[in-house]
Amino acid sequence: MFDPSKYRTFRFTERSLSPEGAVRLVYALDDEHEFVEEFDVPVPEGADLAAVEPILDLLHWVAGVSYYKTAAPPKVACETGTPGPATAAFLEALYSEGLGEFAVVNQLGALPRPRFPRGPARDVAVERRAPQRVLVPVGGGKDSVVALEIVRHSGLDFTLFSVRDDPAMQRTAAVAGVERLIAQRRLPLKQLGELNRSGALNGHVPITAIVSCVALLTAALNGYDTVTLANERSASAGNVVYDGVEVNHQFSKSARAEALLRGAIGETGAPVDLFSLLRPASELGIARTFAGLPQYHAAFTSCNAIFRLDPELRLASWCGNCPKCRFVFLVLAPFMEPDALRDIFGKAMLDDLDQYEGFALLTATGGHKPFECVGEEEESLAAISLLAADPRWKHRPVVAKLVAEVLSVRGDDPARVSSALALSAAHNVPDELIDHVDALLRA
Ligand SMILES: CC(=O)N[C@H]1[C@@H](OP(=O)(O)OP(=O)(O)OC[C@H]2O[C@@H](n3ccc(=O)[nH]c3=O)[C@H](O)[C@@H]2O)O[C@H](CO)[C@@H](O)[C@@H]1O[C@H](C)C(=O)N[C@@H](C)C(=O)N[C@@H](CCC(=O)O)C(=O)O
Ligand SMILES: Nc1ncnc2c1ncn2[C@@H]1O[C@H](COP(=O)(O)OP(=O)(O)OP(=O)(O)O)[C@@H](O)[C@H]1O
């Protein structure tokens with residue numbers, strides 16, 4: 001049996017990058033269990049591997065969270081180098097708030113709080129310049145489509161980027177007609193599965209932080225100066241309060257995580273900027289823009305079931321019955337025809353009363369907002385308000401019940417829609433791109 005309480009230290013033991021782009025990240029729990037995660041990243045001939053060592057360190061420390069979570073021990077040991085203070089602050093948040101949902105689900109009673117060692121502050125002031133070559137991560141969902149269209153609108157030179165090569169990513173890139181760099185990732189799934197079956201802890205990890213660091217490494221190796229994520233404003237809102245902390249399933253997509261990650265990137269000295277292009281917008285606003293891009297409607301998939309690592313369990317498209325499918329259906333509905341939406345999802349979800357509780361939960365009615373990538377309760381209420389006034393939707397069984405049982409209690413406030421669709425000024429988007437964000441996201 002695996003007894004999580006017996007382990008004291010999670011160790012970062014080795015990391016390497018070969019000239020062919022083979023990344024090897026090695027970890028250990030005390031002296032007992034070793035874990036190896038691998039990536040293949042694209043590397044051009046003659047790339048300066050030494051220059052990206054600090055980013056490799058960052059990826060090593062960030063990706064360790066998948067293995068740390070097996071026991072969540074009190075200590076970590078960084079045996080290949082010491083993070084600078086900003087990096088240590090980012091990692092401490094990632095291994096604590098980033099594992100908040102994990103702590104709730106496993107009823108740990110408290111969030112993990114490992115202390116990372118702090119090396120001296122590194123004097124690596126990098127002059128920030130106007131973006132010129134942009135890498136746009138594409139996960140196959142609607143948000144990255146909107147981000148890539150904003151970058152296209154700006155006229156900047158850009159390339160798409162994916163970790164893995166899933167069908168929704170391929171379809172999106174084909175519609176975009178833009179080149180894509182691909183990184184492959186291998187986790188020791190068999191080992192994790194065996195440990196989980198014998199008592200190791202399991203739960204959600206802050207995956208966007210891992211994807212961001214792989215994108216950063218790929219950008220630095222291939223001469224890109226900018227990585228534009230598609231993390232929306234709504235991703236900063238939490239799900240529940242636990243151990244005095246607002247626990248957010250999407251912690252690594254939040255504005256707080258972005259600020260901390262940018263601090264850590266500053267310490268790498270890499271001449272690569274990273275920010276979220278969609279930070280000013282809510283999911284409702286992004287859905288409105290995406291509804292106006294019909295060329296992508298048969299290509300995208302936002303359902304998380306497409307991300308499963310085991311090919312046997314992975315779906316190629318929408319499952320049509322999970323919180324993420326319900327949320328995306330709900331926020332697209334005000335801006336799309338019912339038949340078009342049914343064609344995308346394979347079912348008319350707002351006609352299916354069996355899914356009523358799931359839709360109501362998006363407004364935190366009957367429980368807390370689900371641990372999934374769904375927008376704020378207020379946005380879901382705003383979407384329901386729009387549907388209540390829309391002859392195409394208002395008589396659909398689920399909409400009628402949401403209006404009768406949720407809106408009647410929470411109030412049908414028109415200000416909700418305008419505030420959900422307003423763009424916020426809190427973001428890290430540089431001047432060269434912000435007008436293009438406004439152009440695509442403002443109706
Ligand atoms: C696809 C999915 O939603 N997976 C979540 C699910 O895991 P499941 O066992 O059903 O399938 P796998 O993802 O294939 O995982 C197999 C095992 O491997 C572990 N693992 C996986 C990825 C990783 O980076 N590290 C790992 O250790 C995993 O724990 C399994 O034992 O349930 C898990 C537990 O709640 C979730 O952690 C899985 O989530 C994946 C990490 C994932 O890729 N999720 C994204 C679709 C996702 O949630 N994106 C967020 C973005 C916010 C964020 O950055 O956190 C979102 O859309 O909300
Ligand atoms: N496997 C991946 N490869 C590259 N980028 C990814 C991957 N998974 C997620 N991302 C990126 O991480 C960010 C957050 O992902 P998220 O799933 O929220 O976005 P999305 O897939 O574009 O949209 P949606 O919310 O509709 O699923 C986005 O910038 C997305 O492009």
# chains A, B, ... in the order shown; residues from 1 in each chain; ligands from 1
>>> closest_atom_pairs(of="chain A", to="ligand 1", cutoff="8 Å", atoms="only C-alpha atoms and all ligand atoms", output="tab-separated table")
residue	atom	partner	partner_atom_place_in_ligand_line	distance
A:Ala63	CA	ligand 1	24 (O)	7.4
A:Val65	CA	ligand 1	27 (O)	7.6
A:Ser66	CA	ligand 1	27 (O)	3.9
A:Tyr67	CA	ligand 1	27 (O)	6.4
A:Lys69	CA	ligand 1	27 (O)	7.7
A:Gly98	CA	ligand 1	55 (O)	7.4
A:Phe102	CA	ligand 1	35 (O)	7.2
A:Leu187	CA	ligand 1	25 (N)	7.4
A:Leu189	CA	ligand 1	18 (O)	5.9
A:Leu192	CA	ligand 1	31 (O)	6.5
A:Gly193	CA	ligand 1	31 (O)	6.4
A:Asn196	CA	ligand 1	31 (O)	7.4
A:Asn202	CA	ligand 1	29 (O)	5.4
A:Gly203	CA	ligand 1	34 (C)	3.7
A:His204	CA	ligand 1	37 (O)	3.0
A:Val205	CA	ligand 1	37 (O)	4.8
A:Pro206	CA	ligand 1	55 (O)	3.9
A:Ile207	CA	ligand 1	54 (O)	4.0
A:Thr208	CA	ligand 1	54 (O)	3.6
A:Ala209	CA	ligand 1	54 (O)	6.2
A:Ile210	CA	ligand 1	24 (O)	7.3
A:His249	CA	ligand 1	55 (O)	5.6
A:Gln250	CA	ligand 1	52 (C)	3.9
A:Phe251	CA	ligand 1	55 (O)	5.9
A:Ser252	CA	ligand 1	54 (O)	4.6
A:Lys253	CA	ligand 1	54 (O)	5.4
A:Ser302	CA	ligand 1	57 (O)	7.9
A:Cys303	CA	ligand 1	46 (C)	7.8
A:Asn304	CA	ligand 1	46 (C)	4.4
A:Ala305	CA	ligand 1	1 (C)	5.1
A:Ile306	CA	ligand 1	1 (C)	6.4
A:Phe307	CA	ligand 1	1 (C)	4.1
A:Arg308	CA	ligand 1	14 (O)	3.5
A:Leu309	CA	ligand 1	14 (O)	3.5
A:Asp310	CA	ligand 1	14 (O)	5.4
A:Leu313	CA	ligand 1	14 (O)	7.8
A:Arg314	CA	ligand 1	14 (O)	7.7
A:Lys324	CA	ligand 1	57 (O)	7.7
A:Phe371	CA	ligand 1	58 (O)	7.4
A:Glu372	CA	ligand 1	58 (O)	4.5
A:Cys373	CA	ligand 1	58 (O)	3.2
A:Val374	CA	ligand 1	58 (O)	7.0
>>> write_last_selection(atoms="N, CA and C atoms", output="tab-separated table (two decimals), in the first residue's frame")
chain	number	residue	atom	x	y	z
A	63	ALA	N	6.06	21.36	-13.91
A	63	ALA	CA	5.45	20.06	-14.28
A	63	ALA	C	5.54	19.04	-13.13
A	65	VAL	N	4.29	19.20	-10.38
A	65	VAL	CA	3.07	19.20	-9.58
A	65	VAL	C	2.25	17.91	-9.78
A	66	SER	N	2.36	17.29	-10.95
A	66	SER	CA	1.62	16.03	-11.21
A	66	SER	C	2.08	14.91	-10.29
A	67	TYR	N	3.36	14.95	-9.88
A	67	TYR	CA	3.93	13.86	-9.08
A	67	TYR	C	3.94	14.24	-7.61
A	69	LYS	N	1.63	15.69	-6.21
A	69	LYS	CA	0.27	15.45	-5.71
A	69	LYS	C	0.05	14.00	-5.24
A	98	GLY	N	-2.92	26.20	-6.67
A	98	GLY	CA	-3.10	25.38	-7.87
A	98	GLY	C	-3.55	23.96	-7.53
A	102	PHE	N	-7.77	19.91	-5.56
A	102	PHE	CA	-7.22	18.62	-5.13
A	102	PHE	C	-7.38	18.47	-3.60
A	187	LEU	N	3.52	11.23	-20.04
A	187	LEU	CA	3.56	11.07	-18.57
A	187	LEU	C	3.65	9.58	-18.26
A	189	LEU	N	1.93	7.26	-17.15
A	189	LEU	CA	0.53	7.03	-16.77
A	189	LEU	C	0.31	5.70	-16.06
A	192	LEU	N	1.50	6.08	-12.53
A	192	LEU	CA	0.56	6.90	-11.74
A	192	LEU	C	-0.70	6.10	-11.42
A	193	GLY	N	-1.19	5.36	-12.43
A	193	GLY	CA	-2.41	4.57	-12.23
A	193	GLY	C	-2.21	3.52	-11.14
A	196	ASN	N	-2.04	5.21	-7.79
A	196	ASN	CA	-3.37	5.67	-7.36
A	196	ASN	C	-4.20	4.51	-6.83
A	202	ASN	N	-4.84	11.65	-5.76
A	202	ASN	CA	-5.02	12.07	-7.15
A	202	ASN	C	-5.96	13.27	-7.16
A	203	GLY	N	-5.94	14.02	-8.23
A	203	GLY	CA	-6.83	15.18	-8.32
A	203	GLY	C	-6.33	16.14	-9.38
A	204	HIS	N	-7.04	17.27	-9.49
A	204	HIS	CA	-6.74	18.21	-10.57
A	204	HIS	C	-5.39	18.90	-10.37
A	205	VAL	N	-4.67	19.06	-11.46
A	205	VAL	CA	-3.40	19.82	-11.42
A	205	VAL	C	-3.56	21.08	-12.28
A	206	PRO	N	-2.78	22.12	-11.97
A	206	PRO	CA	-2.89	23.39	-12.72
A	206	PRO	C	-2.26	23.27	-14.10
A	207	ILE	N	-3.01	22.67	-15.00
A	207	ILE	CA	-2.46	22.24	-16.29
A	207	ILE	C	-2.06	23.41	-17.20
A	208	THR	N	-2.79	24.53	-17.12
A	208	THR	CA	-2.45	25.64	-18.03
A	208	THR	C	-1.05	26.18	-17.74
A	209	ALA	N	-0.61	26.09	-16.49
A	209	ALA	CA	0.76	26.54	-16.18
A	209	ALA	C	1.77	25.65	-16.89
A	210	ILE	N	1.48	24.36	-16.97
A	210	ILE	CA	2.40	23.43	-17.64
A	210	ILE	C	2.44	23.74	-19.14
A	249	HIS	N	-10.75	26.17	-9.60
A	249	HIS	CA	-10.36	25.09	-10.53
A	249	HIS	C	-9.41	25.62	-11.60
A	250	GLN	N	-9.66	26.85	-12.03
A	250	GLN	CA	-8.87	27.41	-13.13
A	250	GLN	C	-7.72	28.28	-12.61
A	251	PHE	N	-7.19	27.96	-11.42
A	251	PHE	CA	-6.17	28.84	-10.84
A	251	PHE	C	-5.09	29.22	-11.85
A	252	SER	N	-4.61	28.22	-12.61
A	252	SER	CA	-3.45	28.55	-13.46
A	252	SER	C	-3.85	29.36	-14.69
A	253	LYS	N	-5.16	29.59	-14.88
A	253	LYS	CA	-5.61	30.52	-15.92
A	253	LYS	C	-5.90	31.91	-15.35
A	302	SER	N	-14.74	22.36	-27.13
A	302	SER	CA	-14.32	22.86	-25.82
A	302	SER	C	-14.48	21.80	-24.74
A	303	CYS	N	-15.11	20.66	-25.06
A	303	CYS	CA	-15.35	19.63	-24.05
A	303	CYS	C	-14.01	19.04	-23.59
A	304	ASN	N	-13.82	18.93	-22.27
A	304	ASN	CA	-12.54	18.45	-21.76
A	304	ASN	C	-12.28	16.97	-22.02
A	305	ALA	N	-13.33	16.24	-22.40
A	305	ALA	CA	-13.14	14.80	-22.66
A	305	ALA	C	-12.19	14.56	-23.84
A	306	ILE	N	-11.92	15.60	-24.63
A	306	ILE	CA	-10.98	15.40	-25.75
A	306	ILE	C	-9.53	15.41	-25.26
A	307	PHE	N	-9.32	15.80	-24.00
A	307	PHE	CA	-7.94	15.94	-23.49
A	307	PHE	C	-7.46	14.70	-22.74
A	308	ARG	N	-8.34	13.67	-22.58
A	308	ARG	CA	-7.89	12.51	-21.79
A	308	ARG	C	-6.61	11.93	-22.39
A	309	LEU	N	-5.71	11.53	-21.52
A	309	LEU	CA	-4.41	11.04	-21.99
A	309	LEU	C	-4.51	9.63	-22.58
A	310	ASP	N	-5.41	8.82	-22.02
A	310	ASP	CA	-5.58	7.45	-22.52
A	310	ASP	C	-6.41	7.50	-23.81
A	313	LEU	N	-9.98	6.30	-23.78
A	313	LEU	CA	-11.01	7.08	-23.07
A	313	LEU	C	-11.25	8.45	-23.70
A	314	ARG	N	-10.38	8.83	-24.63
A	314	ARG	CA	-10.44	10.18	-25.20
A	314	ARG	C	-11.56	10.28	-26.24
A	324	LYS	N	-18.83	21.64	-18.83
A	324	LYS	CA	-18.21	22.49	-19.85
A	324	LYS	C	-19.09	22.54	-21.10
A	371	PHE	N	-16.38	22.43	-10.49
A	371	PHE	CA	-14.94	22.46	-10.69
A	371	PHE	C	-14.67	22.14	-12.16
A	372	GLU	N	-14.81	23.09	-13.00
A	372	GLU	CA	-14.63	22.94	-14.44
A	372	GLU	C	-14.32	24.31	-15.00
A	373	CYS	N	-13.98	24.33	-16.28
A	373	CYS	CA	-13.67	25.61	-16.92
A	373	CYS	C	-14.98	26.26	-17.36
A	374	VAL	N	-15.71	26.80	-16.40
A	374	VAL	CA	-16.97	27.48	-16.72
A	374	VAL	C	-16.88	28.91	-16.20
>>> closest_atom_pairs(of="chain A", to="ligand 2", cutoff="6 Å", atoms="only C-alpha atoms and all ligand atoms", output="Markdown table")
| residue | atom | partner | partner_atom_place_in_ligand_line | distance |
| --- | --- | --- | --- | --- |
| A:Pro137 | CA | ligand 2 | 5 (N) | 4.0 |
| A:Val138 | CA | ligand 2 | 31 (O) | 3.8 |
| A:Gly139 | CA | ligand 2 | 7 (C) | 3.6 |
| A:Gly140 | CA | ligand 2 | 21 (O) | 4.9 |
| A:Gly141 | CA | ligand 2 | 21 (O) | 3.4 |
| A:Lys142 | CA | ligand 2 | 26 (O) | 3.9 |
| A:Asp143 | CA | ligand 2 | 22 (O) | 3.7 |
| A:Ser144 | CA | ligand 2 | 22 (O) | 3.6 |
| A:Phe161 | CA | ligand 2 | 4 (C) | 5.7 |
| A:Ser162 | CA | ligand 2 | 3 (N) | 3.5 |
| A:Val163 | CA | ligand 2 | 3 (N) | 3.8 |
| A:Arg164 | CA | ligand 2 | 1 (N) | 5.8 |
| A:Thr208 | CA | ligand 2 | 12 (O) | 5.3 |
| A:Val211 | CA | ligand 2 | 6 (C) | 6.0 |
| A:Leu229 | CA | ligand 2 | 29 (O) | 3.8 |
| A:Ala230 | CA | ligand 2 | 29 (O) | 3.6 |
| A:Asn231 | CA | ligand 2 | 14 (C) | 5.4 |
| A:Ser302 | CA | ligand 2 | 27 (O) | 3.8 |
>>> write_last_selection(atoms="N, CA, C and O atoms", output="short mmCIF file (atom, residue, chain, number, x, y, z; two decimals), in the first residue's frame")
data_model
loop_
_atom_site.label_atom_id
_atom_site.label_comp_id
_atom_site.auth_asym_id
_atom_site.auth_seq_id
_atom_site.Cartn_x
_atom_site.Cartn_y
_atom_site.Cartn_z
N PRO A 137 -0.88 29.56 -28.58
CA PRO A 137 -1.29 28.21 -28.20
C PRO A 137 -2.74 27.93 -28.60
O PRO A 137 -3.61 28.78 -28.44
N VAL A 138 -2.96 26.73 -29.13
CA VAL A 138 -4.30 26.34 -29.58
C VAL A 138 -4.66 25.02 -28.91
O VAL A 138 -4.03 23.99 -29.15
N GLY A 139 -5.69 25.07 -28.04
CA GLY A 139 -6.12 23.85 -27.35
C GLY A 139 -7.33 23.20 -28.03
O GLY A 139 -7.83 22.20 -27.55
N GLY A 140 -7.81 23.81 -29.10
CA GLY A 140 -8.95 23.23 -29.82
C GLY A 140 -10.29 23.83 -29.45
O GLY A 140 -11.31 23.50 -30.04
N GLY A 141 -10.28 24.74 -28.45
CA GLY A 141 -11.55 25.35 -28.03
C GLY A 141 -11.80 26.70 -28.69
O GLY A 141 -11.02 27.15 -29.53
N LYS A 142 -12.90 27.35 -28.25
CA LYS A 142 -13.29 28.61 -28.88
C LYS A 142 -12.37 29.77 -28.52
O LYS A 142 -12.15 30.68 -29.32
N ASP A 143 -11.80 29.72 -27.30
CA ASP A 143 -11.03 30.87 -26.83
C ASP A 143 -9.76 31.08 -27.65
O ASP A 143 -9.43 32.22 -28.02
N SER A 144 -9.07 29.99 -27.94
CA SER A 144 -7.84 30.17 -28.71
C SER A 144 -8.14 30.58 -30.15
O SER A 144 -7.32 31.25 -30.79
N PHE A 161 0.47 26.87 -31.88
CA PHE A 161 1.26 25.91 -31.08
C PHE A 161 0.32 25.01 -30.30
O PHE A 161 -0.64 25.48 -29.68
N SER A 162 0.59 23.71 -30.32
CA SER A 162 -0.22 22.79 -29.50
C SER A 162 0.67 21.81 -28.76
O SER A 162 1.70 21.37 -29.27
N VAL A 163 0.22 21.45 -27.56
CA VAL A 163 0.81 20.31 -26.84
C VAL A 163 -0.09 19.13 -27.20
O VAL A 163 -1.29 19.14 -26.88
N ARG A 164 0.45 18.18 -27.91
CA ARG A 164 -0.29 17.07 -28.55
C ARG A 164 -0.90 17.57 -29.86
O ARG A 164 -0.90 18.76 -30.14
N THR A 208 -2.79 24.53 -17.12
CA THR A 208 -2.45 25.64 -18.03
C THR A 208 -1.05 26.18 -17.74
O THR A 208 -0.36 26.65 -18.66
N VAL A 211 1.25 23.88 -19.74
CA VAL A 211 1.16 24.19 -21.17
C VAL A 211 1.89 25.52 -21.45
O VAL A 211 2.63 25.65 -22.44
N LEU A 229 -1.73 33.76 -24.64
CA LEU A 229 -2.72 32.80 -24.15
C LEU A 229 -4.13 33.36 -24.35
O LEU A 229 -4.31 34.54 -24.68
N ALA A 230 -5.11 32.49 -24.13
CA ALA A 230 -6.51 32.89 -24.33
C ALA A 230 -7.28 32.69 -23.02
O ALA A 230 -8.34 32.08 -22.99
N ASN A 231 -6.69 33.18 -21.92
CA ASN A 231 -7.33 33.02 -20.61
C ASN A 231 -8.22 34.22 -20.31
O ASN A 231 -7.75 35.35 -20.24
N SER A 302 -14.74 22.36 -27.13
CA SER A 302 -14.32 22.86 -25.82
C SER A 302 -14.48 21.80 -24.74
O SER A 302 -14.05 22.02 -23.60
#
>>> select_by_dssp(residues="stretch 75-224 of chain A", states="alpha helix (DSSP H)", output="PyMOL selection string")
chain A and resi 85-94+100-105+142-154+167-176+189-197+207-221
>>> residues_around(residues="A:Thr80", least_positions_apart="2", cutoff="10 Å", atoms="only C-alpha atoms", output="PDB file with all heavy atoms, in the first residue's frame")
ATOM      1  N   ARG A  11      11.355  15.642  -4.534  1.00  0.00           N
ATOM      2  CA  ARG A  11      12.664  16.084  -5.031  1.00  0.00           C
ATOM      3  C   ARG A  11      12.647  16.328  -6.544  1.00  0.00           C
ATOM      4  O   ARG A  11      12.119  15.517  -7.307  1.00  0.00           O
ATOM      5  CB  ARG A  11      13.709  15.008  -4.699  1.00  0.00           C
ATOM      6  CG  ARG A  11      13.824  14.761  -3.194  1.00  0.00           C
ATOM      7  CD  ARG A  11      14.616  13.490  -2.898  1.00  0.00           C
ATOM      8  NE  ARG A  11      15.876  13.465  -3.601  1.00  0.00           N
ATOM      9  CZ  ARG A  11      16.462  12.355  -4.077  1.00  0.00           C
ATOM     10  NH1 ARG A  11      15.885  11.164  -3.898  1.00  0.00           N
ATOM     11  NH2 ARG A  11      17.594  12.418  -4.724  1.00  0.00           N
ATOM     12  N   PHE A  12      13.243  17.444  -6.945  1.00  0.00           N
ATOM     13  CA  PHE A  12      13.448  17.754  -8.365  1.00  0.00           C
ATOM     14  C   PHE A  12      14.879  17.305  -8.660  1.00  0.00           C
ATOM     15  O   PHE A  12      15.835  17.970  -8.266  1.00  0.00           O
ATOM     16  CB  PHE A  12      13.282  19.254  -8.608  1.00  0.00           C
ATOM     17  CG  PHE A  12      11.911  19.764  -8.269  1.00  0.00           C
ATOM     18  CD1 PHE A  12      11.584  20.142  -6.971  1.00  0.00           C
ATOM     19  CD2 PHE A  12      10.929  19.858  -9.254  1.00  0.00           C
ATOM     20  CE1 PHE A  12      10.318  20.597  -6.657  1.00  0.00           C
ATOM     21  CE2 PHE A  12       9.657  20.317  -8.947  1.00  0.00           C
ATOM     22  CZ  PHE A  12       9.342  20.686  -7.651  1.00  0.00           C
ATOM     23  N   THR A  13      15.048  16.136  -9.327  1.00  0.00           N
ATOM     24  CA  THR A  13      16.372  15.508  -9.335  1.00  0.00           C
ATOM     25  C   THR A  13      17.185  15.711 -10.619  1.00  0.00           C
ATOM     26  O   THR A  13      18.405  15.788 -10.554  1.00  0.00           O
ATOM     27  CB  THR A  13      16.255  13.998  -9.040  1.00  0.00           C
ATOM     28  OG1 THR A  13      15.357  13.436  -9.981  1.00  0.00           O
ATOM     29  CG2 THR A  13      15.764  13.753  -7.628  1.00  0.00           C
ATOM     30  N   GLU A  14      16.541  15.737 -11.787  1.00  0.00           N
ATOM     31  CA  GLU A  14      17.299  15.892 -13.047  1.00  0.00           C
ATOM     32  C   GLU A  14      16.415  16.527 -14.086  1.00  0.00           C
ATOM     33  O   GLU A  14      15.201  16.294 -14.088  1.00  0.00           O
ATOM     34  CB  GLU A  14      17.614  14.511 -13.647  1.00  0.00           C
ATOM     35  CG  GLU A  14      18.713  13.709 -13.048  1.00  0.00           C
ATOM     36  CD  GLU A  14      18.735  12.356 -13.782  1.00  0.00           C
ATOM     37  OE1 GLU A  14      18.864  12.330 -15.029  1.00  0.00           O
ATOM     38  OE2 GLU A  14      18.565  11.347 -13.091  1.00  0.00           O
ATOM     39  N   ARG A  15      17.024  17.238 -14.998  1.00  0.00           N
ATOM     40  CA  ARG A  15      16.285  17.698 -16.178  1.00  0.00           C
ATOM     41  C   ARG A  15      17.269  17.906 -17.310  1.00  0.00           C
ATOM     42  O   ARG A  15      18.427  18.274 -17.082  1.00  0.00           O
ATOM     43  CB  ARG A  15      15.447  18.939 -15.883  1.00  0.00           C
ATOM     44  CG  ARG A  15      16.063  20.293 -16.061  1.00  0.00           C
ATOM     45  CD  ARG A  15      17.122  20.646 -15.059  1.00  0.00           C
ATOM     46  NE  ARG A  15      17.670  21.962 -15.252  1.00  0.00           N
ATOM     47  CZ  ARG A  15      18.559  22.294 -16.185  1.00  0.00           C
ATOM     48  NH1 ARG A  15      19.006  21.405 -17.033  1.00  0.00           N
ATOM     49  NH2 ARG A  15      19.004  23.534 -16.288  1.00  0.00           N
ATOM     50  N   ASP A  57      14.433  24.876 -16.444  1.00  0.00           N
ATOM     51  CA  ASP A  57      14.271  24.775 -14.984  1.00  0.00           C
ATOM     52  C   ASP A  57      12.827  25.071 -14.587  1.00  0.00           C
ATOM     53  O   ASP A  57      12.217  24.344 -13.792  1.00  0.00           O
ATOM     54  CB  ASP A  57      15.172  25.812 -14.277  1.00  0.00           C
ATOM     55  CG  ASP A  57      16.600  25.319 -14.128  1.00  0.00           C
ATOM     56  OD1 ASP A  57      16.806  24.096 -14.039  1.00  0.00           O
ATOM     57  OD2 ASP A  57      17.511  26.169 -14.114  1.00  0.00           O
ATOM     58  N   HIS A  60      10.557  22.296 -15.472  1.00  0.00           N
ATOM     59  CA  HIS A  60      10.812  21.164 -14.565  1.00  0.00           C
ATOM     60  C   HIS A  60      10.070  21.380 -13.244  1.00  0.00           C
ATOM     61  O   HIS A  60       9.339  20.502 -12.762  1.00  0.00           O
ATOM     62  CB  HIS A  60      12.332  21.082 -14.340  1.00  0.00           C
ATOM     63  CG  HIS A  60      12.790  19.917 -13.529  1.00  0.00           C
ATOM     64  ND1 HIS A  60      13.911  19.961 -12.748  1.00  0.00           N
ATOM     65  CD2 HIS A  60      12.292  18.661 -13.365  1.00  0.00           C
ATOM     66  CE1 HIS A  60      14.091  18.791 -12.152  1.00  0.00           C
ATOM     67  NE2 HIS A  60      13.123  17.984 -12.510  1.00  0.00           N
ATOM     68  N   TRP A  61      10.217  22.576 -12.676  1.00  0.00           N
ATOM     69  CA  TRP A  61       9.585  22.847 -11.381  1.00  0.00           C
ATOM     70  C   TRP A  61       8.053  22.848 -11.506  1.00  0.00           C
ATOM     71  O   TRP A  61       7.352  22.334 -10.644  1.00  0.00           O
ATOM     72  CB  TRP A  61      10.079  24.207 -10.841  1.00  0.00           C
ATOM     73  CG  TRP A  61      11.533  24.198 -10.460  1.00  0.00           C
ATOM     74  CD1 TRP A  61      12.224  23.176  -9.873  1.00  0.00           C
ATOM     75  CD2 TRP A  61      12.492  25.258 -10.638  1.00  0.00           C
ATOM     76  NE1 TRP A  61      13.550  23.533  -9.675  1.00  0.00           N
ATOM     77  CE2 TRP A  61      13.734  24.808 -10.126  1.00  0.00           C
ATOM     78  CE3 TRP A  61      12.432  26.555 -11.169  1.00  0.00           C
ATOM     79  CZ2 TRP A  61      14.904  25.592 -10.142  1.00  0.00           C
ATOM     80  CZ3 TRP A  61      13.573  27.338 -11.179  1.00  0.00           C
ATOM     81  CH2 TRP A  61      14.799  26.857 -10.667  1.00  0.00           C
ATOM     82  N   ALA A  77      12.687  19.642  -2.465  1.00  0.00           N
ATOM     83  CA  ALA A  77      14.138  19.852  -2.579  1.00  0.00           C
ATOM     84  C   ALA A  77      14.476  20.083  -4.049  1.00  0.00           C
ATOM     85  O   ALA A  77      14.230  19.212  -4.892  1.00  0.00           O
ATOM     86  CB  ALA A  77      14.881  18.628  -2.046  1.00  0.00           C
ATOM     87  N   CYS A  78      14.999  21.265  -4.350  1.00  0.00           N
ATOM     88  CA  CYS A  78      15.352  21.613  -5.733  1.00  0.00           C
ATOM     89  C   CYS A  78      16.826  21.268  -5.916  1.00  0.00           C
ATOM     90  O   CYS A  78      17.703  22.048  -5.540  1.00  0.00           O
ATOM     91  CB  CYS A  78      15.109  23.095  -5.988  1.00  0.00           C
ATOM     92  SG  CYS A  78      13.380  23.543  -5.856  1.00  0.00           S
ATOM     93  N   THR A  82      18.386  26.598  -7.874  1.00  0.00           N
ATOM     94  CA  THR A  82      17.503  27.241  -6.896  1.00  0.00           C
ATOM     95  C   THR A  82      16.683  28.328  -7.581  1.00  0.00           C
ATOM     96  O   THR A  82      17.251  29.184  -8.265  1.00  0.00           O
ATOM     97  CB  THR A  82      18.353  27.875  -5.775  1.00  0.00           C
ATOM     98  OG1 THR A  82      19.259  26.874  -5.312  1.00  0.00           O
ATOM     99  CG2 THR A  82      17.489  28.335  -4.615  1.00  0.00           C
ATOM    100  N   PRO A  83      15.369  28.306  -7.409  1.00  0.00           N
ATOM    101  CA  PRO A  83      14.559  29.362  -8.031  1.00  0.00           C
ATOM    102  C   PRO A  83      14.865  30.731  -7.435  1.00  0.00           C
ATOM    103  O   PRO A  83      15.174  30.841  -6.252  1.00  0.00           O
ATOM    104  CB  PRO A  83      13.113  28.957  -7.701  1.00  0.00           C
ATOM    105  CG  PRO A  83      13.166  27.741  -6.852  1.00  0.00           C
ATOM    106  CD  PRO A  83      14.588  27.315  -6.669  1.00  0.00           C
TER     107      PRO A  83
END
>>> select_by_dssp(residues="stretch 198-322 of chain A", states="strand (DSSP E or B)", output="mmCIF file with C-alpha atoms, in the first residue's frame")
data_model
loop_
_atom_site.group_PDB
_atom_site.id
_atom_site.type_symbol
_atom_site.label_atom_id
_atom_site.label_comp_id
_atom_site.auth_asym_id
_atom_site.auth_seq_id
_atom_site.Cartn_x
_atom_site.Cartn_y
_atom_site.Cartn_z
ATOM 1 C CA THR A 226 5.586 36.628 -27.591
ATOM 2 C CA VAL A 227 3.203 33.917 -26.354
ATOM 3 C CA THR A 228 -0.470 34.908 -26.346
ATOM 4 C CA LEU A 229 -2.723 32.802 -24.151
ATOM 5 C CA VAL A 240 -15.452 27.543 -3.025
ATOM 6 C CA VAL A 241 -13.635 28.847 0.030
ATOM 7 C CA TYR A 242 -11.552 26.162 1.759
ATOM 8 C CA VAL A 245 -8.544 30.372 0.515
ATOM 9 C CA GLU A 246 -10.760 30.929 -2.521
ATOM 10 C CA VAL A 247 -10.227 27.675 -4.380
ATOM 11 C CA ASP A 273 6.706 38.022 -23.226
ATOM 12 C CA LEU A 274 3.666 35.987 -22.214
ATOM 13 C CA PHE A 275 0.192 37.314 -21.475
ATOM 14 C CA SER A 276 -3.421 36.505 -22.053
#
